[in-house]
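Novice: This is the structure I want to talk about, given as structure tokens.
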Amino acid sequence: MASRYWVVSLPVQNSASSLWNRLQDQISKHSFDTPLYRFNIPNLRVGTLDSLLSLSDDLLKSNNFVEGVSHKIRRQIEELERVSGVESSSLTVDGVPVDSYLTRFVWDEAKFPTMSPLKEVVDSIHGQVAKIEDDLKVRVAEYNNVRSQLNAINRKQSGSLAVRDLSNLVKSEDIVVSEHLVTLLAIVPKYSQKDWLSSYETLTSYVVPRSSKKLFEDNEYALYSVTLFGRVADNFRTSAREKGFQIRDFEYSSEAQESRKQDLEKLVQDQENLRSSLLQWCYTSYGEVFSSWMHFCAVRVFAESILRYGLPPSFLACVLAPVTKSEKKVRSILEGLCDSSNSTFWKIEDEVGGGMAGLAGDADAHPYVSFTINLV
């Protein structure tokens with residue numbers, strides 16, 4: 001599938017079918033590897049030239065918006081597929097691959113009546129896409145909120161012992177709580193464990209001998225428990241800190257641990273559900289936005305062709321996908337099929353730097369309507 005297409009329109013002197021045949025013949029002879037398709041645009045409601053000129057001021061801005069939303073949804077799909085570990089799916093419009101939808105474009109009369117003024121059609125497209133973008137923002141924010149909560153929990157459970165949550169490392173049997181005894185948890189630098197084991201019993205009075213047990217160890221620290229009389233706990237904390245040992249505040253509660261576990265499981269399930277529903281929504285919405293974008297492109301071709309070639313509408317619209325090495329040749333073929341005086345005018349304008357860029361905002365001016373569609 002090509003990812004870059006040209007949408008062009010050529011002025012028709014005699015008949016569109018004869019011009020189409022000449023174009024096909026030239027492409028097959030001189031650039032046979034360039035796919036070529038008709039871009040079928042219905043007879044839209046022209047209105048006045050003043051209304052077209054007024055509309056043209058908004059076309060580029062609106063196109064950039066619609067195209068931007070299309071790419072935003074596509075990037076969201078790619079991220080969700082990557083995180084979910086699912087195989088990338090080809091993007092479609094109602095089951096039709098997007099490249100086929102472009103190259104076999106058919107105007108949706110039910111969605112965008114051709115008798116409506118062009119301004120109404122453009123506003124309708126913009127409004128529908130804006131609504132989808134707003135919906136995307138809400139859905140992504142909801143998904144990211146749950147993901148952020150999970151990330152925060154994971155950071156607490158996987159960080160350094162000096163700061164991480166200890167609840168999943170400590171069991172009920174590790175804690176002694178009675179009327180007089182308490183168990184404290186000490187964070188001991190990994191390479192100071194011998195010092196801890198030889199000194200903890202003398203950091204203060206009333207420490208239970210041989211009560212310290214190692215509960216966990218990471219790359220930097222080890223987690224030790226120690227049991228002592230509650231009335232000397234503050235003295236023990238102070239003496240431990242002076243020796244470089246950190247006493248973590250911790251209160252064991254089986255109910256709290258179970259509650260945290262259930263909250264975590266719910267968050268994991270919520271994230272999975274939101275990710276799945278967001279991905280399905282993105283697949284569907286991408287198709288809707290892409291369809292709107294192609295209808296917008298048809299309006300642009302129609303409007304610019306009339307502004308370029310005049311009334312009544314008489315032009316041939318087509319889609320090409322030239323490879324980079326063939327682009328210059330294809331441009332030459334297209335220019336050769338335009339009116340010679342028109343081509344000369346555009347060459348002169350180009351040479352003095354006064355060539356008018358098309359509504360598409362393309363950097364290069366041509367004697368025919370041309371703009372580029374990037375699918376990715």
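As shown in the structure tokens, the chain order sets the letters A, B, ...; within each chain, residues go from 1, and ligands are also counted from 1 in the order they appear.
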Considering only C-alpha atoms, tabulate each residue of segment 85-165 of chain A that lies at most 9 Å from segment 288-301 of chain A along with its nearest interatomic pair and the corresponding distance in Å to one decimal; arrange the rows by chain and ascending residue number and present them as CSV.
Specialist:
residue,atom,partner,partner_atom,distance
A:Thr92,CA,A:Phe290,CA,8.8
A:Val93,CA,A:Ser291,CA,6.8
A:Asp94,CA,A:Glu288,CA,8.5
A:Val98,CA,A:Phe290,CA,7.6
A:Tyr101,CA,A:Ser291,CA,8.0
A:Leu102,CA,A:Met294,CA,6.8
A:Phe105,CA,A:Met294,CA,7.7
A:Val106,CA,A:His295,CA,8.8
A:Trp107,CA,A:His295,CA,6.8
A:Asp108,CA,A:His295,CA,8.2
A:Phe112,CA,A:His295,CA,8.5
A:Leu118,CA,A:Val299,CA,7.4
A:Val121,CA,A:Val299,CA,8.3
A:Val122,CA,A:Phe296,CA,6.8
A:Ile125,CA,A:Ser292,CA,5.9
A:His126,CA,A:Ser292,CA,8.4
A:Gln128,CA,A:Ser292,CA,8.2
A:Val129,CA,A:Val289,CA,6.0
A:Ile132,CA,A:Val289,CA,7.9
Novice: Fewer than 2 positions away in the same chain doesn't count, so skip those; otherwise give me all residues within 9 Å of segment 24-38 of chain A, counting only C-alpha atoms, as a list in words.
Specialist: Leu19, Trp20, Asn21, Arg22, Asn40, Thr103, Arg104, Phe105, Leu316, Ala317, Cys318, Val319, Leu320, Ala321, Pro322, Val323, Ser326, Lys329, Val330 and Ile333 of chain A
Novice: Now that the selection is made, can you save its residues with N, CA and C atoms as a PDB file, in the first residue's frame?
Specialist:
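Result saved to out-v3.pdb:
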ATOM      1  N   LEU A  19      -9.375  12.848 -22.476  1.00  0.00           N
ATOM      2  CA  LEU A  19      -8.232  13.291 -21.663  1.00  0.00           C
ATOM      3  C   LEU A  19      -7.770  12.160 -20.750  1.00  0.00           C
ATOM      4  N   TRP A  20      -8.718  11.408 -20.182  1.00  0.00           N
ATOM      5  CA  TRP A  20      -8.384  10.277 -19.323  1.00  0.00           C
ATOM      6  C   TRP A  20      -7.611   9.214 -20.104  1.00  0.00           C
ATOM      7  N   ASN A  21      -8.045   8.951 -21.331  1.00  0.00           N
ATOM      8  CA  ASN A  21      -7.349   7.971 -22.168  1.00  0.00           C
ATOM      9  C   ASN A  21      -5.928   8.429 -22.483  1.00  0.00           C
ATOM     10  N   ARG A  22      -5.772   9.712 -22.774  1.00  0.00           N
ATOM     11  CA  ARG A  22      -4.424  10.246 -23.068  1.00  0.00           C
ATOM     12  C   ARG A  22      -3.529  10.147 -21.829  1.00  0.00           C
ATOM     13  N   ASN A  40     -13.664  10.343  -8.544  1.00  0.00           N
ATOM     14  CA  ASN A  40     -15.002  10.713  -8.993  1.00  0.00           C
ATOM     15  C   ASN A  40     -15.636  11.742  -8.067  1.00  0.00           C
ATOM     16  N   THR A 103      -8.773   5.408  -3.588  1.00  0.00           N
ATOM     17  CA  THR A 103      -8.623   5.205  -5.036  1.00  0.00           C
ATOM     18  C   THR A 103      -9.940   4.823  -5.715  1.00  0.00           C
ATOM     19  N   ARG A 104     -10.937   4.423  -4.920  1.00  0.00           N
ATOM     20  CA  ARG A 104     -12.253   4.101  -5.498  1.00  0.00           C
ATOM     21  C   ARG A 104     -13.328   4.966  -4.850  1.00  0.00           C
ATOM     22  N   PHE A 105     -12.980   6.195  -4.606  1.00  0.00           N
ATOM     23  CA  PHE A 105     -13.853   7.090  -3.847  1.00  0.00           C
ATOM     24  C   PHE A 105     -15.221   7.252  -4.503  1.00  0.00           C
ATOM     25  N   LEU A 316     -10.846  17.045 -15.118  1.00  0.00           N
ATOM     26  CA  LEU A 316     -10.676  15.616 -14.847  1.00  0.00           C
ATOM     27  C   LEU A 316      -9.899  15.470 -13.547  1.00  0.00           C
ATOM     28  N   ALA A 317     -10.498  14.843 -12.564  1.00  0.00           N
ATOM     29  CA  ALA A 317      -9.829  14.630 -11.277  1.00  0.00           C
ATOM     30  C   ALA A 317      -9.325  13.195 -11.204  1.00  0.00           C
ATOM     31  N   CYS A 318      -8.111  13.030 -10.711  1.00  0.00           N
ATOM     32  CA  CYS A 318      -7.556  11.676 -10.595  1.00  0.00           C
ATOM     33  C   CYS A 318      -6.594  11.604  -9.418  1.00  0.00           C
ATOM     34  N   VAL A 319      -6.241  10.370  -9.052  1.00  0.00           N
ATOM     35  CA  VAL A 319      -5.324  10.088  -7.947  1.00  0.00           C
ATOM     36  C   VAL A 319      -4.144   9.301  -8.496  1.00  0.00           C
ATOM     37  N   LEU A 320      -2.939   9.720  -8.140  1.00  0.00           N
ATOM     38  CA  LEU A 320      -1.724   9.010  -8.555  1.00  0.00           C
ATOM     39  C   LEU A 320      -0.874   8.714  -7.332  1.00  0.00           C
ATOM     40  N   ALA A 321      -0.060   7.670  -7.438  1.00  0.00           N
ATOM     41  CA  ALA A 321       0.856   7.329  -6.346  1.00  0.00           C
ATOM     42  C   ALA A 321       2.244   7.059  -6.929  1.00  0.00           C
ATOM     43  N   PRO A 322       2.923   8.101  -7.429  1.00  0.00           N
ATOM     44  CA  PRO A 322       4.238   7.894  -8.037  1.00  0.00           C
ATOM     45  C   PRO A 322       5.312   7.607  -6.995  1.00  0.00           C
ATOM     46  N   VAL A 323       6.261   6.759  -7.355  1.00  0.00           N
ATOM     47  CA  VAL A 323       7.423   6.570  -6.495  1.00  0.00           C
ATOM     48  C   VAL A 323       8.314   7.796  -6.661  1.00  0.00           C
ATOM     49  N   SER A 326      10.034   8.683  -9.899  1.00  0.00           N
ATOM     50  CA  SER A 326       9.180   8.956 -11.062  1.00  0.00           C
ATOM     51  C   SER A 326       8.452  10.283 -10.963  1.00  0.00           C
ATOM     52  N   LYS A 329       9.009  12.938 -13.772  1.00  0.00           N
ATOM     53  CA  LYS A 329       8.448  12.522 -15.045  1.00  0.00           C
ATOM     54  C   LYS A 329       6.931  12.653 -15.044  1.00  0.00           C
ATOM     55  N   VAL A 330       6.301  12.252 -13.946  1.00  0.00           N
ATOM     56  CA  VAL A 330       4.841  12.343 -13.859  1.00  0.00           C
ATOM     57  C   VAL A 330       4.397  13.798 -13.896  1.00  0.00           C
ATOM     58  N   ILE A 333       4.426  14.879 -17.440  1.00  0.00           N
ATOM     59  CA  ILE A 333       3.286  14.336 -18.194  1.00  0.00           C
ATOM     60  C   ILE A 333       2.028  15.158 -17.908  1.00  0.00           C
TER      61      ILE A 333
END
Novice: Quick one: residues within 12 Å of segment 163-172 of chain A, only C-alpha atoms, excluding same-chain residues fewer than 4 positions away - as a PyMOL selection string?
Specialist: chain A and resi 152-159+176-177+183-187+213-218+220-225+246-261
Novice: Smallest atom-to-atom distance to Gln13 of chain A: which of A:Ala365, A:Val376, A:Val207, A:Cys338, using only C-alpha atoms?
Specialist: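 Closest candidate: A:Cys338.
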Novice: Using atom CA of Ser205 of chain A and atom CA of Leu228 of chain A as the two end points, give the distance in Å to one decimal.
Specialist: 8.6 Å
Novice: Taking into account only C-alpha atoms, which residue in the set A:Leu334, A:Leu49, A:Val232, A:Leu274 is nearest to Leu23 of chain A?
Specialist: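 Residue with the minimum atom-to-atom distance to Leu23 of chain A: A:Leu334.
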Novice: Leu279 of chain A: which residues within 8 Å, counting only C-alpha atoms, same-chain residues fewer than 4 positions away excluded, as a list in words?
Specialist: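 Near Leu279 of chain A, the qualifying residues are Ile77, Leu80, Glu81, Arg275 and Tyr283 of chain A.
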Novice: With C-alpha atoms retained, write the just-selected residues as a short mmCIF file (atom, residue, chain, number, x, y, z; two decimals), in the first residue's frame.
Specialist:
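The resulting selection39.cif:
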data_model
loop_
_atom_site.label_atom_id
_atom_site.label_comp_id
_atom_site.auth_asym_id
_atom_site.auth_seq_id
_atom_site.Cartn_x
_atom_site.Cartn_y
_atom_site.Cartn_z
CA ILE A 77 -4.31 3.01 17.44
CA LEU A 80 -2.75 0.81 21.87
CA GLU A 81 -1.85 -2.09 19.57
CA ARG A 275 -7.92 -0.04 26.41
CA TYR A 283 -10.90 1.74 14.60
#
Novice: Residues of segment 312-342 of chain A in helix (DSSP H, G or I) according to DSSP, as number ranges by chain?
Specialist: A: 324-336, 340-342
Novice: Take the residues just selected and output them with all heavy atoms as a short mmCIF file (atom, residue, chain, number, x, y, z; two decimals), in the first residue's frame.
Specialist:
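Full text of selection22.cif as output:
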data_model
loop_
_atom_site.label_atom_id
_atom_site.label_comp_id
_atom_site.auth_asym_id
_atom_site.auth_seq_id
_atom_site.Cartn_x
_atom_site.Cartn_y
_atom_site.Cartn_z
N THR A 324 9.19 8.01 -5.71
CA THR A 324 9.98 9.24 -5.68
C THR A 324 10.75 9.47 -6.98
O THR A 324 10.76 10.58 -7.53
CB THR A 324 10.98 9.21 -4.50
OG1 THR A 324 10.24 9.00 -3.29
CG2 THR A 324 11.74 10.51 -4.41
N LYS A 325 11.35 8.40 -7.52
CA LYS A 325 12.17 8.58 -8.72
C LYS A 325 11.34 8.91 -9.97
O LYS A 325 11.89 9.38 -10.97
CB LYS A 325 13.01 7.32 -8.98
CG LYS A 325 12.22 6.06 -9.24
CD LYS A 325 13.16 4.86 -9.39
CE LYS A 325 12.43 3.55 -9.58
NZ LYS A 325 11.71 3.46 -10.82
N SER A 326 10.03 8.68 -9.90
CA SER A 326 9.18 8.96 -11.06
C SER A 326 8.45 10.28 -10.96
O SER A 326 7.76 10.67 -11.92
CB SER A 326 8.15 7.83 -11.21
OG SER A 326 8.76 6.58 -11.36
N GLU A 327 8.56 10.98 -9.84
CA GLU A 327 7.75 12.17 -9.63
C GLU A 327 7.98 13.24 -10.70
O GLU A 327 7.03 13.82 -11.22
CB GLU A 327 8.03 12.75 -8.24
CG GLU A 327 7.45 11.91 -7.11
CD GLU A 327 7.62 12.55 -5.75
OE1 GLU A 327 8.19 13.67 -5.69
OE2 GLU A 327 7.18 11.96 -4.74
N LYS A 328 9.24 13.49 -11.04
CA LYS A 328 9.54 14.54 -12.02
C LYS A 328 8.92 14.21 -13.37
O LYS A 328 8.36 15.07 -14.04
CB LYS A 328 11.05 14.71 -12.14
CG LYS A 328 11.47 15.93 -12.93
CD LYS A 328 12.98 16.14 -12.85
CE LYS A 328 13.38 17.41 -13.59
NZ LYS A 328 14.85 17.65 -13.55
N LYS A 329 9.01 12.94 -13.77
CA LYS A 329 8.45 12.52 -15.05
C LYS A 329 6.93 12.65 -15.04
O LYS A 329 6.33 13.11 -16.03
CB LYS A 329 8.86 11.07 -15.34
CG LYS A 329 8.41 10.57 -16.72
CD LYS A 329 9.06 11.40 -17.81
CE LYS A 329 8.52 11.03 -19.19
NZ LYS A 329 9.06 11.92 -20.24
N VAL A 330 6.30 12.25 -13.95
CA VAL A 330 4.84 12.34 -13.86
C VAL A 330 4.40 13.80 -13.90
O VAL A 330 3.41 14.14 -14.56
CB VAL A 330 4.33 11.65 -12.58
CG1 VAL A 330 2.83 11.87 -12.40
CG2 VAL A 330 4.63 10.15 -12.63
N ARG A 331 5.12 14.69 -13.21
CA ARG A 331 4.80 16.11 -13.26
C ARG A 331 4.87 16.62 -14.71
O ARG A 331 4.03 17.40 -15.16
CB ARG A 331 5.77 16.91 -12.39
CG ARG A 331 5.59 16.73 -10.89
CD ARG A 331 4.33 17.36 -10.40
NE ARG A 331 4.20 17.30 -8.93
CZ ARG A 331 3.06 17.43 -8.29
NH1 ARG A 331 1.94 17.61 -8.97
NH2 ARG A 331 3.01 17.37 -6.98
N SER A 332 5.88 16.17 -15.43
CA SER A 332 6.04 16.58 -16.82
C SER A 332 4.87 16.11 -17.68
O SER A 332 4.37 16.84 -18.54
CB SER A 332 7.37 16.03 -17.36
OG SER A 332 7.52 16.33 -18.72
N ILE A 333 4.43 14.88 -17.44
CA ILE A 333 3.29 14.34 -18.19
C ILE A 333 2.03 15.16 -17.91
O ILE A 333 1.28 15.54 -18.83
CB ILE A 333 3.06 12.86 -17.82
CG1 ILE A 333 4.21 11.99 -18.33
CG2 ILE A 333 1.72 12.36 -18.39
CD1 ILE A 333 4.18 10.56 -17.81
N LEU A 334 1.78 15.43 -16.63
CA LEU A 334 0.59 16.20 -16.26
C LEU A 334 0.62 17.59 -16.86
O LEU A 334 -0.39 18.09 -17.37
CB LEU A 334 0.49 16.28 -14.73
CG LEU A 334 0.23 14.96 -14.00
CD1 LEU A 334 0.39 15.16 -12.48
CD2 LEU A 334 -1.16 14.43 -14.30
N GLU A 335 1.79 18.23 -16.82
CA GLU A 335 1.90 19.57 -17.39
C GLU A 335 1.68 19.54 -18.89
O GLU A 335 1.05 20.44 -19.45
CB GLU A 335 3.29 20.14 -17.07
CG GLU A 335 3.47 21.58 -17.52
CD GLU A 335 4.78 22.18 -17.06
OE1 GLU A 335 5.17 21.90 -15.91
OE2 GLU A 335 5.40 22.90 -17.85
N GLY A 336 2.18 18.48 -19.55
CA GLY A 336 2.01 18.38 -21.00
C GLY A 336 0.56 18.23 -21.42
O GLY A 336 0.21 18.54 -22.57
N SER A 340 -1.24 24.73 -23.34
CA SER A 340 0.15 25.18 -23.45
C SER A 340 0.33 26.62 -22.97
O SER A 340 1.30 26.94 -22.30
CB SER A 340 0.63 25.06 -24.91
OG SER A 340 -0.22 25.81 -25.77
N SER A 341 -0.63 27.50 -23.28
CA SER A 341 -0.49 28.88 -22.83
C SER A 341 -0.57 28.97 -21.31
O SER A 341 0.12 29.75 -20.67
CB SER A 341 -1.58 29.76 -23.46
OG SER A 341 -2.87 29.30 -23.06
N ASN A 342 -1.43 28.11 -20.75
CA ASN A 342 -1.54 28.05 -19.29
C ASN A 342 -0.23 27.61 -18.68
O ASN A 342 0.26 28.17 -17.71
CB ASN A 342 -2.68 27.07 -18.93
CG ASN A 342 -3.09 27.21 -17.47
OD1 ASN A 342 -2.94 28.28 -16.90
ND2 ASN A 342 -3.62 26.14 -16.91
#
Novice: Can you pull out every residue within 12 Å of Ser90 of chain A, counting only C-alpha atoms, but drop anything in the same chain fewer than 5 positions away, and send it as a list in words?
Specialist: Met1, Arg74, Ile77, Glu78, Glu81, Gly95, Val96, Pro97, Val98, Asp99, Ser100, Tyr283, Tyr286 and Gly287 of chain A
Novice: For Glu304 of chain A, which residue out of A:Val7, A:Val182, A:Val268, A:Gly85 is the nearest one, using only C-alpha atoms?
Specialist: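 Of A:Val7, A:Val182, A:Val268, A:Gly85, the one nearest Glu304 of chain A is A:Val7, counting only C-alpha atoms.
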Novice: Enter the distance from atom CA of Ser56 of chain A to atom CA of Ser116 of chain A, in Å, rounded to one decimal.
Specialist: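 Atom CA of Ser56 of chain A sits 16.9 Å away from atom CA of Ser116 of chain A.
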